file model-v1.tsv (TSV, C-alpha atoms and all ligand atoms)
chain	number	residue	atom	x	y	z
X	681	MET	CA	-10.23	-15.71	16.41
X	682	ALA	CA	-8.92	-13.00	14.06
X	683	PHE	CA	-6.34	-12.02	16.62
X	684	LEU	CA	-4.48	-9.87	14.04
X	685	GLN	CA	-7.58	-7.94	12.88
X	686	GLY	CA	-6.56	-4.68	11.18
X	687	LYS	CA	-2.84	-5.08	11.88
X	688	ARG	CA	-0.55	-3.93	9.05
X	689	ILE	CA	2.40	-6.32	8.66
X	690	LEU	CA	5.34	-6.26	6.24
X	691	ILE	CA	6.63	-9.74	5.37
X	692	THR	CA	10.09	-10.19	3.84
X	693	GLY	CA	11.59	-13.42	2.51
X	694	LEU	CA	8.64	-14.83	0.57
X	695	LEU	CA	10.15	-16.67	-2.39
X	696	SER	CA	7.96	-19.74	-2.98
X	697	ASN	CA	4.88	-21.40	-1.53
X	698	ARG	CA	7.29	-23.52	0.55
X	699	SER	CA	8.89	-20.46	2.17
X	700	ILE	CA	8.50	-20.05	5.91
X	701	ALA	CA	7.33	-16.51	5.01
X	702	TYR	CA	4.48	-18.09	3.00
X	703	GLY	CA	3.31	-19.97	6.11
X	704	ILE	CA	3.54	-16.76	8.10
X	705	ALA	CA	1.53	-14.87	5.46
X	706	GLN	CA	-1.18	-17.58	5.50
X	707	ALA	CA	-1.53	-17.42	9.28
X	708	CYS	CA	-1.49	-13.62	9.48
X	709	TYR	CA	-4.02	-13.24	6.62
X	710	ARG	CA	-6.31	-15.82	8.21
X	711	GLU	CA	-6.19	-13.86	11.49
X	712	GLY	CA	-7.24	-10.61	9.77
X	713	ALA	CA	-3.95	-8.84	9.08
X	714	GLU	CA	-3.31	-6.54	6.12
X	715	LEU	CA	-0.08	-7.59	4.41
X	716	ALA	CA	2.74	-6.11	2.32
X	717	PHE	CA	5.69	-8.01	0.87
X	718	THR	CA	9.28	-7.54	-0.29
X	719	TYR	CA	11.08	-9.55	-2.95
X	720	VAL	CA	14.60	-9.51	-4.41
X	721	GLY	CA	15.07	-8.54	-8.05
X	722	GLU	CA	12.74	-7.41	-10.82
X	723	ARG	CA	12.50	-10.98	-12.15
X	724	PHE	CA	10.48	-12.03	-9.11
X	725	LYS	CA	8.04	-9.08	-9.19
X	726	GLN	CA	5.33	-10.93	-11.10
X	727	ARG	CA	5.52	-14.01	-8.88
X	728	ILE	CA	5.43	-12.03	-5.62
X	729	THR	CA	2.63	-9.82	-6.94
X	730	GLU	CA	0.62	-13.01	-7.52
X	731	PHE	CA	1.44	-14.28	-4.03
X	732	ALA	CA	0.42	-10.92	-2.54
X	733	ALA	CA	-2.92	-11.10	-4.38
X	734	GLU	CA	-3.53	-14.48	-2.69
X	735	PHE	CA	-3.41	-12.54	0.58
X	736	GLY	CA	-5.57	-9.63	-0.58
X	737	SER	CA	-2.59	-7.32	-1.08
X	738	THR	CA	-1.16	-5.23	-3.93
X	739	LEU	CA	1.78	-3.92	-1.87
X	740	VAL	CA	5.08	-5.42	-3.07
X	741	PHE	CA	8.52	-3.80	-2.89
X	742	ASP	CA	11.89	-4.73	-4.39
X	743	CYS	CA	14.26	-4.91	-1.43
X	744	ASP	CA	17.70	-6.48	-1.55
X	745	VAL	CA	18.80	-5.98	2.06
X	746	SER	CA	22.42	-5.52	0.99
X	747	SER	CA	21.30	-2.09	-0.29
X	748	ASP	CA	20.59	0.76	2.11
X	749	GLU	CA	18.88	2.60	-0.75
X	750	GLN	CA	16.47	-0.27	-1.39
X	751	ILE	CA	15.69	-0.55	2.34
X	752	GLU	CA	14.98	3.19	2.56
X	753	ALA	CA	12.88	3.12	-0.63
X	754	THR	CA	10.82	0.21	0.70
X	755	PHE	CA	9.58	2.10	3.76
X	756	LYS	CA	9.17	5.32	1.78
X	757	GLY	CA	6.95	3.37	-0.59
X	758	LEU	CA	5.08	1.70	2.26
X	759	ALA	CA	4.44	5.08	3.95
X	760	ALA	CA	2.63	6.19	0.78
X	761	HIS	CA	0.03	3.44	1.38
X	762	TRP	CA	-0.04	2.82	5.16
X	763	PRO	CA	-0.29	5.36	8.02
X	764	GLN	CA	1.56	2.98	10.33
X	765	LEU	CA	3.30	-0.41	10.55
X	766	ASP	CA	2.18	-2.85	13.26
X	767	GLY	CA	4.42	-5.83	12.40
X	768	LEU	CA	7.68	-6.67	10.64
X	769	VAL	CA	8.66	-10.21	9.61
X	770	HIS	CA	12.34	-10.81	8.82
X	771	SER	CA	12.65	-14.16	7.04
X	772	ILE	CA	15.92	-13.71	5.19
X	773	GLY	CA	19.12	-15.74	5.33
X	774	PHE	CA	22.06	-16.25	3.03
X	775	ALA	CA	25.71	-17.28	3.08
X	776	PRO	CA	27.91	-18.22	0.11
X	777	ARG	CA	27.64	-21.96	-0.46
X	778	GLU	CA	31.21	-22.75	0.66
X	779	ALA	CA	30.35	-21.19	4.04
X	780	ILE	CA	27.61	-23.74	4.81
X	781	ALA	CA	29.13	-27.05	3.77
X	782	GLY	CA	32.03	-29.27	4.84
X	783	ASP	CA	34.52	-28.29	7.50
X	784	PHE	CA	33.96	-24.90	9.21
X	785	MET	CA	37.61	-23.84	9.05
X	786	ASP	CA	38.11	-25.08	5.48
X	787	GLY	CA	35.10	-23.01	4.33
X	788	LEU	CA	36.03	-19.92	6.34
X	789	SER	CA	36.71	-16.67	4.48
X	790	ARG	CA	36.47	-12.98	5.32
X	791	GLU	CA	34.08	-12.38	2.42
X	792	GLY	CA	31.84	-15.34	3.24
X	793	PHE	CA	31.71	-14.35	6.89
X	794	ARG	CA	30.93	-10.74	5.97
X	795	ILE	CA	28.16	-11.65	3.52
X	796	ALA	CA	26.55	-14.12	5.93
X	797	HIS	CA	26.44	-11.50	8.70
X	798	ASP	CA	25.35	-8.64	6.42
X	799	ILE	CA	22.41	-10.52	4.87
X	800	SER	CA	21.45	-12.85	7.73
X	801	ALA	CA	22.02	-10.71	10.82
X	802	TYR	CA	22.58	-6.98	10.19
X	803	SER	CA	19.58	-6.78	7.85
X	804	PHE	CA	17.11	-7.33	10.73
X	805	PRO	CA	18.02	-4.23	12.81
X	806	ALA	CA	18.66	-2.34	9.56
X	807	LEU	CA	15.08	-2.97	8.36
X	808	ALA	CA	13.74	-2.14	11.83
X	809	LYS	CA	15.66	1.14	11.93
X	810	ALA	CA	14.28	2.21	8.53
X	811	ALA	CA	10.78	1.17	9.69
X	812	LEU	CA	10.99	3.17	12.94
X	813	PRO	CA	8.94	6.20	11.77
X	814	LEU	CA	6.04	3.92	10.70
X	815	LEU	CA	6.41	1.73	13.80
X	816	THR	CA	6.29	4.85	15.98
X	817	LYS	CA	3.03	5.89	14.26
X	818	SER	CA	1.62	2.51	15.34
X	819	VAL	CA	2.57	3.19	18.97
X	820	GLU	CA	1.04	6.68	18.75
X	821	ALA	CA	-2.17	5.03	17.50
X	822	GLY	CA	-2.22	2.95	20.70
X	823	ASN	CA	-0.85	-0.30	19.21
X	824	MET	CA	2.22	-2.29	20.26
X	825	PRO	CA	4.23	-3.16	17.11
X	826	SER	CA	5.90	-6.57	17.01
X	827	LEU	CA	9.04	-7.55	15.07
X	828	ILE	CA	10.14	-11.15	14.46
X	829	THR	CA	13.02	-12.92	12.76
X	830	MET	CA	13.71	-16.55	11.80
X	831	THR	CA	16.66	-18.31	13.40
X	832	TYR	CA	17.97	-21.87	13.78
X	833	LEU	CA	19.46	-24.19	16.39
X	834	GLY	CA	22.86	-23.78	14.73
X	835	ALA	CA	23.02	-20.41	16.53
X	836	GLU	CA	23.20	-22.21	19.90
X	837	ARG	CA	24.92	-25.53	19.14
X	838	VAL	CA	27.14	-27.04	16.49
X	839	VAL	CA	25.03	-28.42	13.65
X	840	PRO	CA	27.42	-30.07	11.18
X	841	ASN	CA	27.81	-28.02	7.96
X	842	TYR	CA	25.75	-25.06	9.18
X	843	ASN	CA	29.12	-23.43	9.91
X	844	THR	CA	29.27	-19.67	9.16
X	845	MET	CA	25.45	-19.46	9.07
X	846	GLY	CA	25.44	-20.66	12.69
X	847	VAL	CA	27.78	-17.86	13.66
X	848	ALA	CA	25.55	-15.37	11.81
X	849	LYS	CA	22.41	-16.75	13.50
X	850	ALA	CA	24.12	-16.34	16.88
X	851	ALA	CA	24.65	-12.69	15.94
X	852	LEU	CA	21.01	-12.46	14.78
X	853	GLU	CA	19.78	-13.83	18.13
X	854	ALA	CA	21.90	-11.24	19.96
X	855	THR	CA	20.34	-8.48	17.80
X	856	VAL	CA	16.90	-9.70	19.00
X	857	ARG	CA	17.96	-9.04	22.61
X	858	PHE	CA	19.63	-5.67	21.97
X	859	MET	CA	16.75	-4.48	19.72
X	860	ALA	CA	14.24	-5.56	22.39
X	861	GLU	CA	16.13	-3.53	25.00
X	862	SER	CA	16.27	-0.46	22.72
X	863	LEU	CA	12.69	-0.64	21.39
X	864	GLY	CA	10.87	-1.89	24.50
X	865	PRO	CA	10.73	1.58	26.10
X	866	ARG	CA	9.31	2.82	22.76
X	867	GLY	CA	6.44	0.34	23.02
X	868	MET	CA	7.67	-2.31	20.60
X	869	ARG	CA	8.47	-6.03	20.98
X	870	VAL	CA	11.23	-8.04	19.24
X	871	ASN	CA	11.44	-11.86	19.15
X	872	GLY	CA	12.96	-14.73	17.21
X	873	VAL	CA	11.44	-17.99	16.01
X	874	SER	CA	13.91	-20.89	15.96
X	875	ALA	CA	12.41	-23.29	13.41
X	876	GLY	CA	13.32	-26.91	12.90
X	877	PRO	CA	14.60	-27.99	9.47
X	878	ILE	CA	12.02	-27.52	6.69
X	879	LYS	CA	12.46	-28.40	3.00
X	880	THR	CA	12.39	-24.89	1.47
X	881	LEU	CA	14.42	-23.43	-1.40
X	882	ALA	CA	17.01	-22.27	1.14
X	883	ALA	CA	17.33	-25.90	2.19
X	884	SER	CA	17.68	-27.22	-1.35
X	885	GLY	CA	21.17	-28.34	-2.26
X	886	ILE	CA	22.15	-28.75	1.40
X	887	ALA	CA	24.09	-32.00	1.75
X	888	ASP	CA	22.37	-34.70	3.84
X	889	PHE	CA	19.28	-32.53	4.41
X	890	GLY	CA	17.13	-35.62	3.98
X	891	LYS	CA	19.19	-37.44	6.64
X	892	MET	CA	18.70	-34.51	9.01
X	893	LEU	CA	14.94	-34.58	8.53
X	894	LYS	CA	14.97	-38.33	9.19
X	895	PHE	CA	17.10	-37.89	12.34
X	896	ASN	CA	14.72	-35.24	13.67
X	897	GLU	CA	11.72	-37.40	12.90
X	898	SER	CA	13.25	-40.26	14.92
X	899	ASN	CA	14.59	-38.22	17.82
X	900	ALA	CA	12.51	-35.05	18.31
X	901	PRO	CA	10.19	-35.34	21.35
X	902	LEU	CA	7.18	-35.02	19.00
X	903	ARG	CA	8.77	-37.70	16.72
X	904	ARG	CA	8.14	-35.58	13.63
X	905	ASN	CA	9.42	-32.52	11.74
X	906	VAL	CA	7.69	-29.13	11.74
X	907	ASP	CA	6.19	-27.36	8.72
X	908	THR	CA	5.55	-23.78	7.58
X	909	VAL	CA	1.97	-23.91	8.95
X	910	GLN	CA	3.23	-24.56	12.48
X	911	VAL	CA	5.98	-21.95	12.20
X	912	GLY	CA	3.45	-19.53	10.66
X	913	ASN	CA	0.97	-19.98	13.51
X	914	ALA	CA	3.62	-19.44	16.20
X	915	SER	CA	4.87	-16.37	14.30
X	916	ALA	CA	1.34	-14.93	14.04
X	917	PHE	CA	1.00	-15.43	17.81
X	918	LEU	CA	4.24	-13.50	18.46
X	919	LEU	CA	3.09	-10.75	16.08
X	920	SER	CA	-0.23	-10.45	17.99
X	921	ASP	CA	-1.21	-8.90	21.31
X	922	LEU	CA	-1.65	-12.44	22.68
X	923	ALA	CA	2.14	-12.22	23.08
X	924	ALA	CA	2.02	-8.78	24.74
X	925	GLY	CA	4.26	-9.96	27.58
X	926	ILE	CA	6.91	-11.53	25.33
X	927	THR	CA	10.02	-9.76	24.04
X	928	ALA	CA	13.74	-10.58	23.67
X	929	GLU	CA	12.66	-14.24	23.36
X	930	ILE	CA	13.74	-16.99	21.00
X	931	LEU	CA	10.75	-19.33	20.60
X	932	HIS	CA	11.69	-22.81	19.39
X	933	VAL	CA	9.20	-24.27	16.91
X	934	ASP	CA	11.14	-27.48	16.28
X	935	ALA	CA	9.11	-30.40	17.72
X	936	GLY	CA	11.29	-30.08	20.83
X	937	MET	CA	14.59	-31.02	19.18
X	938	HIS	CA	16.52	-28.21	20.90
X	939	ALA	CA	15.96	-30.03	24.20
X	940	VAL	CA	17.47	-33.34	23.09
X	941	VAL	CA	21.15	-34.30	23.23
X	942	GLY	CA	21.97	-35.60	19.75
X	943	GLY	CA	24.19	-38.55	20.65
X	944	MET	CA	21.99	-40.06	23.34
X	945	ALA	CA	18.97	-39.63	21.07
X	946	ALA	CA	20.82	-41.58	18.38
X	947	LEU	CA	21.35	-44.34	20.98
X	948	GLY	CA	17.61	-44.31	21.58
X	949	ALA	CA	16.87	-44.11	17.86
X	950	ASP	CA	16.16	-47.82	17.29
X	1001	LIG	N1	14.27	-23.99	6.05
X	1001	LIG	C1	14.80	-24.25	7.25
X	1001	LIG	O1	15.16	-25.39	7.59
X	1001	LIG	C2	14.99	-23.12	8.23
X	1001	LIG	C3	15.07	-23.43	9.61
X	1001	LIG	C4	15.26	-22.38	10.52
X	1001	LIG	C5	15.38	-21.08	10.08
X	1001	LIG	N2	15.30	-20.82	8.73
X	1001	LIG	C6	15.40	-19.41	8.32
X	1001	LIG	O2	14.15	-19.01	7.76
X	1001	LIG	C7	14.36	-17.88	6.91
X	1001	LIG	C8	13.62	-18.10	5.60
X	1001	LIG	O3	14.22	-19.17	4.91
X	1001	LIG	P1	13.30	-20.31	4.18
X	1001	LIG	O4	13.72	-21.62	4.74
X	1001	LIG	O5	11.87	-19.89	4.20
X	1001	LIG	O6	13.86	-20.33	2.69
X	1001	LIG	P2	13.48	-19.40	1.43
X	1001	LIG	O7	14.55	-19.66	0.41
X	1001	LIG	O8	12.06	-19.59	1.06
X	1001	LIG	O9	13.63	-17.91	2.01
X	1001	LIG	C9	14.90	-17.29	2.09
X	1001	LIG	C10	14.65	-15.86	1.69
X	1001	LIG	O10	15.83	-15.07	1.88
X	1001	LIG	C11	15.74	-14.08	0.88
X	1001	LIG	N3	17.02	-13.40	0.67
X	1001	LIG	C12	18.25	-13.95	0.43
X	1001	LIG	N4	19.15	-12.98	0.20
X	1001	LIG	C13	18.47	-11.79	0.30
X	1001	LIG	C14	18.84	-10.43	0.16
X	1001	LIG	N5	20.10	-10.08	-0.13
X	1001	LIG	N6	17.89	-9.49	0.34
X	1001	LIG	C15	16.61	-9.83	0.65
X	1001	LIG	N7	16.19	-11.10	0.80
X	1001	LIG	C16	17.13	-12.05	0.61
X	1001	LIG	C17	15.33	-14.86	-0.37
X	1001	LIG	O11	14.84	-13.97	-1.35
X	1001	LIG	C18	14.24	-15.74	0.21
X	1001	LIG	O12	13.00	-15.10	0.09
X	1001	LIG	C19	15.89	-17.73	6.76
X	1001	LIG	O13	16.33	-16.75	7.68
X	1001	LIG	C20	16.40	-19.09	7.23
X	1001	LIG	O14	17.72	-18.98	7.76
X	1001	LIG	C21	15.09	-21.80	7.80
X	1002	LIG	C1	18.74	-26.88	8.68
X	1002	LIG	C2	19.75	-26.35	7.69
X	1002	LIG	C3	19.57	-25.35	6.75
X	1002	LIG	C4	18.33	-24.55	6.51
X	1002	LIG	N1	18.52	-23.32	7.30
X	1002	LIG	C5	18.28	-23.41	8.74
X	1002	LIG	C6	19.01	-22.15	6.79
X	1002	LIG	O1	19.11	-21.20	7.51
X	1002	LIG	C7	19.45	-22.08	5.33
X	1002	LIG	C8	20.02	-20.72	5.03
X	1002	LIG	C9	20.86	-20.68	3.80
X	1002	LIG	C10	21.82	-19.71	3.76
X	1002	LIG	N2	22.62	-19.58	2.67
X	1002	LIG	C11	22.49	-20.40	1.61
X	1002	LIG	C12	21.54	-21.41	1.62
X	1002	LIG	C13	20.68	-21.56	2.73
X	1002	LIG	C14	21.47	-22.34	0.45
X	1002	LIG	C15	21.84	-21.64	-0.83
X	1002	LIG	C16	23.10	-20.84	-0.67
X	1002	LIG	O2	23.89	-20.69	-1.58
X	1002	LIG	N3	23.32	-20.20	0.53
X	1002	LIG	O3	20.70	-25.07	6.05
X	1002	LIG	C17	21.65	-25.96	6.51
X	1002	LIG	C18	22.98	-26.11	6.13
X	1002	LIG	C19	23.75	-27.10	6.76
X	1002	LIG	C20	23.20	-27.90	7.77
X	1002	LIG	C21	21.87	-27.74	8.16
X	1002	LIG	C22	21.10	-26.76	7.52
call {"tool": "encode", "arguments": {"input": "model-v1.tsv", "output": "structure tokens", "more": "lines below"}}
Ligand SMILES: NC(=O)c1ccc[n+]([C@@H]2O[C@H](COP(=O)([O-])OP(=O)(O)OC[C@H]3O[C@@H](n4cnc5c(N)ncnc54)[C@H](O)[C@@H]3O)[C@@H](O)[C@H]2O)c1
Ligand SMILES: Cc1c(CN(C)C(=O)CCc2cnc3c(c2)CCC(=O)N3)oc2ccccc12
result
Amino acid sequence: MAFLQGKRILITGLLSNRSIAYGIAQACYREGAELAFTYVGERFKQRITEFAAEFGSTLVFDCDVSSDEQIEATFKGLAAHWPQLDGLVHSIGFAPREAIAGDFMDGLSREGFRIAHDISAYSFPALAKAALPLLTKSVEAGNMPSLITMTYLGAERVVPNYNTMGVAKAALEATVRFMAESLGPRGMRVNGVSAGPIKTLAASGIADFGKMLKFNESNAPLRRNVDTVQVGNASAFLLSDLAAGITAEILHVDAGMHAVVGGMAALGAD
């Protein structure tokens, strides 16, 4: 297949081998892409360098998306190695713990709301804007660059406890549409992948996460949860020219759960 042969793709958000970004890297590498990675903080450099080597890459950059300087430096560094960028994977999300647990109003704060939107929503267009010169080089070379981000059902519907992250994901999904409208005429596509719950580090410490996985397994149309391989494959598809007609889309990779009304499903659970 190798439907990403020769494409140069930057993947953010790789933290462990359970990360969604790890599944995306596996799929893209398998399909022939050349990869580069970002990590957060010197202490992870060694680990991410080892992950990059798994995918035939030595390109790793320290990029905390709360820093404009680190975002700029990342693409300056990338430009020293690559003549163009054909794909950008945004797989970053964070909110202070009190913003994603318990009652939405009880956990609401200006700072928590700001942080959630800065890291989980603004960072996607911010990275894309800093990448524009390299993305434009890809268009000039006759390619159609593709940008993707990871979102969740909590953007569209109330998922208990997801709270301020749901509001931030709603903002993220709106950035997909406005970025697609701005970058489409420049020959670039922008899409979101709405993944079902997966036990990653970002999911660790979330109350009742196990219950949620069980509920999905009993009620999702496919009667199972999804994993990083399935999300990775769908992401690789969106990054490739097989998805040339797709932009401003939010693709659900959630075993169909987005289509099911929670309550009724619970009735049908037994
Ligand atoms: N795990 C799930 O159930 C699930 C479902 C749907 C969507 N998502 C989304 O998938 C994406 C990846 O999460 P994951 O589940 O793979 O967990 P993960 O913990 O493996 O990845 C989260 C990543 O966010 C990065 N990050 C946090 N703050 C950052 C900052 N300031 N600058 C740069 N990077 C920062 C972390 O370094 C980490 O690599 C997130 O956007 C998350 O919201 C996760
Ligand atoms: C699913 C699901 C997830 C996984 N998911 C889709 C996410 O997007 C998780 C994102 C996330 C954002 N910020 C933080 C954390 C995770 C944990 C550590 C921390 O301090 N902050 O998180 C939930 C929280 C409540 C309810 C469901 C979920």
call {"tool": "residues_near_ligand", "arguments": {"input": "model-v1.tsv", "ligand": "ligand LIG 1002 (chain X)", "cutoff": "8 Å", "atoms": "only C-alpha atoms and all ligand atoms", "output": "number ranges by chain"}}
result
X: 773-781, 796, 800, 831-834, 839-843, 845, 875-889, 892
call {"tool": "residues_near_point", "arguments": {"input": "model-v1.tsv", "point": "(8.8, -10.2, -8.0)", "cutoff": "12 Å", "atoms": "only C-alpha atoms", "output": "PyMOL selection string"}}
result
chain X and resi 692-696+717-732+738-744
call {"tool": "atom_distance", "arguments": {"input": "model-v1.tsv", "atom1": "CA of Leu922 in chain X", "atom2": "CA of Ile772 in chain X"}}
result
24.8 Å
call {"tool": "residues_around", "arguments": {"input": "model-v1.tsv", "residues": "range 933-938 of chain X", "least_positions_apart": "2", "cutoff": "6 Å", "atoms": "only C-alpha atoms", "output": "tab-separated table (two decimals) with C-alpha atoms, keeping the file's coordinate frame"}}
result
chain	number	residue	atom	x	y	z
X	874	SER	CA	13.91	-20.89	15.96
X	875	ALA	CA	12.41	-23.29	13.41
X	876	GLY	CA	13.32	-26.91	12.90
X	900	ALA	CA	12.51	-35.05	18.31
X	901	PRO	CA	10.19	-35.34	21.35
X	902	LEU	CA	7.18	-35.02	19.00
X	906	VAL	CA	7.69	-29.13	11.74
X	940	VAL	CA	17.47	-33.34	23.09
call {"tool": "closest_residue", "arguments": {"input": "model-v1.tsv", "among": "X:Leu807, X:Ala851, X:Ala760, X:Val856", "to": "Glu836 in chain X", "atoms": "only C-alpha atoms"}}
result
X:Ala851
call {"tool": "closest_residue", "arguments": {"input": "model-v1.tsv", "among": "X:Ala753, X:Ala916, X:Ala701, X:Ile828", "to": "ligand LIG 1001 (chain X)", "atoms": "only C-alpha atoms and all ligand atoms"}}
result
X:Ala701
call {"tool": "axis_aligned_box", "arguments": {"input": "model-v1.tsv", "around": "ligand LIG 1001 (chain X)", "padding_each_side": "4 Å", "output": "AutoDock Vina command-line options"}}
result
--center_x 16.0 --center_y -17.4 --center_z 4.6 --size_x 16.2 --size_y 23.9 --size_z 19.9
call {"tool": "closest_residue", "arguments": {"input": "model-v1.tsv", "among": "X:Arg698, X:Arg866, X:Arg857, X:Lys817", "to": "ligand LIG 1001 (chain X)", "atoms": "all atoms listed in the file"}}
result
X:Arg698
call {"tool": "atom_distance", "arguments": {"input": "model-v1.tsv", "atom1": "CA of Ala924 in chain X", "atom2": "CA of Gly864 in chain X"}}
result
11.2 Å
call {"tool": "atom_distance", "arguments": {"input": "model-v1.tsv", "atom1": "CA of Ala860 in chain X", "atom2": "CA of Ala928 in chain X"}}
result
5.2 Å
